[in-house]
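Colleague: This is the content of target-v7.txt (compact mmCIF, N, CA and C atoms):
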```txt
# COMPACT_ATOMS: atom_id res chain seq x y z
N MET A 732 0.84 -1.18 0.00
CA MET A 732 0.00 0.00 0.00
C MET A 732 0.89 1.25 0.00
N ALA A 733 0.46 2.27 -0.68
CA ALA A 733 1.22 3.51 -0.76
C ALA A 733 1.09 4.30 0.54
N LYS A 734 2.16 4.96 0.91
CA LYS A 734 2.15 5.81 2.09
C LYS A 734 2.59 7.22 1.69
N ILE A 735 1.99 8.21 2.32
CA ILE A 735 2.38 9.59 2.08
C ILE A 735 2.64 10.26 3.44
N MET A 736 3.55 11.20 3.46
CA MET A 736 3.82 11.98 4.68
C MET A 736 3.07 13.30 4.58
N THR A 737 2.44 13.68 5.67
CA THR A 737 1.72 14.95 5.71
C THR A 737 2.16 15.74 6.94
N ARG A 738 2.02 17.04 6.88
CA ARG A 738 2.34 17.90 8.03
C ARG A 738 1.09 18.72 8.35
N TRP A 739 0.68 18.69 9.63
CA TRP A 739 -0.53 19.36 10.08
C TRP A 739 -0.16 20.44 11.09
N GLU A 740 -0.83 21.58 11.01
CA GLU A 740 -0.67 22.64 11.99
C GLU A 740 -1.79 22.52 13.02
N THR A 741 -1.45 22.71 14.29
CA THR A 741 -2.47 22.64 15.34
C THR A 741 -2.75 24.05 15.87
N PHE A 742 -4.00 24.26 16.28
CA PHE A 742 -4.42 25.53 16.84
C PHE A 742 -5.31 25.27 18.04
N SER A 743 -5.31 26.20 18.98
CA SER A 743 -6.29 26.15 20.07
C SER A 743 -7.03 27.48 20.06
N TYR A 744 -8.23 27.46 20.60
CA TYR A 744 -9.10 28.63 20.55
C TYR A 744 -9.51 29.07 21.94
N ASP A 745 -9.52 30.38 22.16
CA ASP A 745 -10.06 30.99 23.37
C ASP A 745 -11.48 31.41 23.02
N VAL A 746 -12.47 30.77 23.64
CA VAL A 746 -13.87 30.99 23.28
C VAL A 746 -14.60 31.70 24.41
N LEU A 747 -15.39 32.70 24.04
CA LEU A 747 -16.21 33.43 25.01
C LEU A 747 -17.69 33.12 24.74
N GLY A 748 -18.48 33.15 25.78
CA GLY A 748 -19.91 33.01 25.60
C GLY A 748 -20.49 31.91 26.47
N ASN A 749 -21.75 31.61 26.20
CA ASN A 749 -22.44 30.57 26.94
C ASN A 749 -23.50 29.93 26.05
N LYS A 750 -24.11 28.88 26.55
CA LYS A 750 -25.08 28.13 25.77
C LYS A 750 -26.29 28.99 25.38
N HIS A 751 -26.72 29.86 26.28
CA HIS A 751 -27.91 30.69 26.04
C HIS A 751 -27.64 31.80 25.00
N ASP A 752 -26.54 32.52 25.15
CA ASP A 752 -26.25 33.67 24.29
C ASP A 752 -25.43 33.32 23.05
N GLY A 753 -24.83 32.16 23.06
CA GLY A 753 -23.98 31.76 21.94
C GLY A 753 -22.50 31.95 22.26
N TYR A 754 -21.67 31.50 21.36
CA TYR A 754 -20.23 31.52 21.56
C TYR A 754 -19.55 32.30 20.44
N GLU A 755 -18.38 32.81 20.72
CA GLU A 755 -17.54 33.43 19.70
C GLU A 755 -16.08 33.18 20.06
N VAL A 756 -15.25 33.11 19.05
CA VAL A 756 -13.83 32.90 19.25
C VAL A 756 -13.19 34.25 19.58
N ASN A 757 -12.56 34.32 20.75
CA ASN A 757 -11.91 35.53 21.20
C ASN A 757 -10.48 35.63 20.66
N ASN A 758 -9.79 34.51 20.57
CA ASN A 758 -8.42 34.52 20.12
C ASN A 758 -8.04 33.11 19.68
N THR A 759 -7.05 33.02 18.80
CA THR A 759 -6.52 31.72 18.39
C THR A 759 -5.03 31.68 18.71
N TYR A 760 -4.54 30.50 19.02
CA TYR A 760 -3.13 30.30 19.34
C TYR A 760 -2.58 29.19 18.47
N ARG A 761 -1.50 29.50 17.77
CA ARG A 761 -0.88 28.50 16.92
C ARG A 761 -0.08 27.55 17.78
N GLY A 762 -0.29 26.26 17.55
CA GLY A 762 0.43 25.23 18.29
C GLY A 762 1.58 24.69 17.47
N GLU A 763 1.92 23.45 17.74
CA GLU A 763 3.03 22.80 17.06
C GLU A 763 2.58 22.18 15.74
N GLU A 764 3.54 21.87 14.91
CA GLU A 764 3.27 21.11 13.70
C GLU A 764 3.46 19.63 14.01
N VAL A 765 2.62 18.81 13.40
CA VAL A 765 2.67 17.37 13.64
C VAL A 765 2.81 16.66 12.30
N ASP A 766 3.76 15.76 12.20
CA ASP A 766 3.95 14.95 10.99
C ASP A 766 3.19 13.64 11.14
N LEU A 767 2.39 13.31 10.14
CA LEU A 767 1.64 12.06 10.15
C LEU A 767 1.90 11.30 8.87
N ALA A 768 2.16 10.00 9.00
CA ALA A 768 2.25 9.12 7.84
C ALA A 768 0.86 8.60 7.57
N LEU A 769 0.41 8.74 6.33
CA LEU A 769 -0.92 8.26 5.96
C LEU A 769 -0.79 7.13 4.96
N GLU A 770 -1.52 6.07 5.20
CA GLU A 770 -1.55 4.94 4.28
C GLU A 770 -2.78 5.08 3.40
N LEU A 771 -2.57 4.99 2.09
CA LEU A 771 -3.69 5.10 1.16
C LEU A 771 -4.23 3.70 0.89
N LYS A 772 -5.52 3.51 1.10
CA LYS A 772 -6.18 2.24 0.83
C LYS A 772 -7.17 2.45 -0.30
N GLY A 773 -7.05 1.64 -1.35
CA GLY A 773 -7.91 1.78 -2.51
C GLY A 773 -9.15 0.91 -2.43
N TYR A 774 -10.24 1.41 -2.94
CA TYR A 774 -11.51 0.69 -2.99
C TYR A 774 -12.03 0.69 -4.42
N ASN A 775 -12.81 -0.32 -4.77
CA ASN A 775 -13.41 -0.47 -6.10
C ASN A 775 -12.34 -0.50 -7.19
N GLN A 776 -11.25 -1.20 -6.93
CA GLN A 776 -10.17 -1.27 -7.90
C GLN A 776 -10.68 -1.88 -9.21
N GLY A 777 -10.26 -1.30 -10.32
CA GLY A 777 -10.66 -1.77 -11.64
C GLY A 777 -11.98 -1.17 -12.12
N ALA A 778 -12.64 -0.42 -11.27
CA ALA A 778 -13.92 0.21 -11.65
C ALA A 778 -13.70 1.71 -11.86
N PRO A 779 -14.54 2.32 -12.68
CA PRO A 779 -14.41 3.77 -12.87
C PRO A 779 -14.64 4.55 -11.58
N GLU A 780 -15.32 3.94 -10.62
CA GLU A 780 -15.64 4.62 -9.35
C GLU A 780 -14.59 4.37 -8.27
N LYS A 781 -13.38 3.94 -8.64
CA LYS A 781 -12.38 3.64 -7.62
C LYS A 781 -12.00 4.92 -6.88
N PHE A 782 -11.64 4.75 -5.61
CA PHE A 782 -11.24 5.89 -4.79
C PHE A 782 -10.28 5.42 -3.72
N TYR A 783 -9.60 6.37 -3.07
CA TYR A 783 -8.62 6.08 -2.04
C TYR A 783 -9.00 6.79 -0.74
N VAL A 784 -8.70 6.14 0.37
CA VAL A 784 -8.95 6.70 1.69
C VAL A 784 -7.62 6.69 2.43
N ALA A 785 -7.30 7.80 3.11
CA ALA A 785 -6.06 7.90 3.87
C ALA A 785 -6.34 7.62 5.34
N ALA A 786 -5.51 6.77 5.96
CA ALA A 786 -5.64 6.44 7.37
C ALA A 786 -4.35 6.78 8.08
N SER A 787 -4.44 7.37 9.26
CA SER A 787 -3.26 7.77 10.01
C SER A 787 -2.52 6.55 10.55
N LEU A 788 -1.21 6.59 10.44
CA LEU A 788 -0.36 5.53 11.00
C LEU A 788 0.35 6.03 12.25
N GLY A 789 0.02 7.22 12.71
CA GLY A 789 0.70 7.78 13.87
C GLY A 789 1.85 8.67 13.48
N SER A 790 2.62 9.05 14.45
CA SER A 790 3.73 9.96 14.23
C SER A 790 5.02 9.32 14.71
N ASP A 791 6.11 9.63 14.02
CA ASP A 791 7.41 9.17 14.46
C ASP A 791 8.09 10.23 15.33
N ARG A 792 7.36 11.29 15.65
CA ARG A 792 7.89 12.38 16.46
C ARG A 792 7.95 11.98 17.93
N LYS A 793 9.08 12.27 18.57
CA LYS A 793 9.23 11.95 19.98
C LYS A 793 8.68 13.08 20.82
N ARG A 794 7.94 12.74 21.84
CA ARG A 794 7.34 13.77 22.71
C ARG A 794 8.16 13.93 23.94
```
Rewrite the structure of this file - the entire thing - as structure tokens.
Modeller:
Amino acid sequence: MAKIMTRWETFSYDVLGNKHDGYEVNNTYRGEEVDLALELKGYNQGAPEKFYVAASLGSDRKR
């Protein structure tokens, strides 16, 4: 199966509000980047409707 490497940016949000009045984002904070290896799995091979789905294999990054 084919594998691809991807890099994702993480963010966290400071949210104000409540259930009754609604919520709004007050501020955003950029987090770390995370590398993920994705395995592509093919479906309907040999058909015009074939497609691929990517599944995470985790990260090789040490925490």
Colleague: Tell me, in Å to one decimal, how far atom C of Tyr754 of chain A is from atom CA of Arg738 of chain A.
Modeller: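 Going from atom C of Tyr754 of chain A over to atom CA of Arg738 of chain A, I get 29.0 Å.
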Colleague: Taking 3 positions as the minimum chain separation for residues in the same chain, which residues sit within 9 Å of Met736 of chain A when counting only C-alpha atoms? Answer as a PDB file with N, CA and C atoms, in the coordinates of the input.
Modeller:
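The resulting file, selection_11.pdb, is shown below:
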```pdb
ATOM      1  N   ASP A 766       3.760  15.760  12.200  1.00  0.00           N
ATOM      2  CA  ASP A 766       3.950  14.950  10.990  1.00  0.00           C
ATOM      3  C   ASP A 766       3.190  13.640  11.140  1.00  0.00           C
ATOM      4  N   LEU A 767       2.390  13.310  10.140  1.00  0.00           N
ATOM      5  CA  LEU A 767       1.640  12.060  10.150  1.00  0.00           C
ATOM      6  C   LEU A 767       1.900  11.300   8.870  1.00  0.00           C
ATOM      7  N   ALA A 768       2.160  10.000   9.000  1.00  0.00           N
ATOM      8  CA  ALA A 768       2.250   9.120   7.840  1.00  0.00           C
ATOM      9  C   ALA A 768       0.860   8.600   7.570  1.00  0.00           C
ATOM     10  N   LEU A 769       0.410   8.740   6.330  1.00  0.00           N
ATOM     11  CA  LEU A 769      -0.920   8.260   5.960  1.00  0.00           C
ATOM     12  C   LEU A 769      -0.790   7.130   4.960  1.00  0.00           C
ATOM     13  N   GLU A 770      -1.520   6.070   5.200  1.00  0.00           N
ATOM     14  CA  GLU A 770      -1.550   4.940   4.280  1.00  0.00           C
ATOM     15  C   GLU A 770      -2.780   5.080   3.400  1.00  0.00           C
TER      16      GLU A 770
END
```
Colleague: Please report the interatomic distance between atom CA of Val746 of chain A and atom CA of Val765 of chain A in Å with one decimal.
Modeller: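 Between these atoms lies a distance of 23.5 Å.
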Colleague: Looking at A:Asn749, A:Asn757, A:Lys734, A:Lys772, which one is nearest to Val784 of chain A, with distances taken over only C-alpha atoms?
Modeller: A:Lys772
Colleague: Mind checking which residues fall within 7 Å of Val756 of chain A, counting only C-alpha atoms, ignoring those fewer than 5 positions away in the same chain, and posting them as number ranges by chain?
Modeller: A: 744-747
Colleague: Can you list, as number ranges by chain, all residues belonging to chain A that DSSP tags as strand (DSSP E)?
Modeller: A: 734-749, 753-774, 782-787
Colleague: At what distance in Å, to one decimal, does atom C of Ala733 of chain A lie from atom CA of Tyr783 of chain A?
Modeller: 10.2 Å
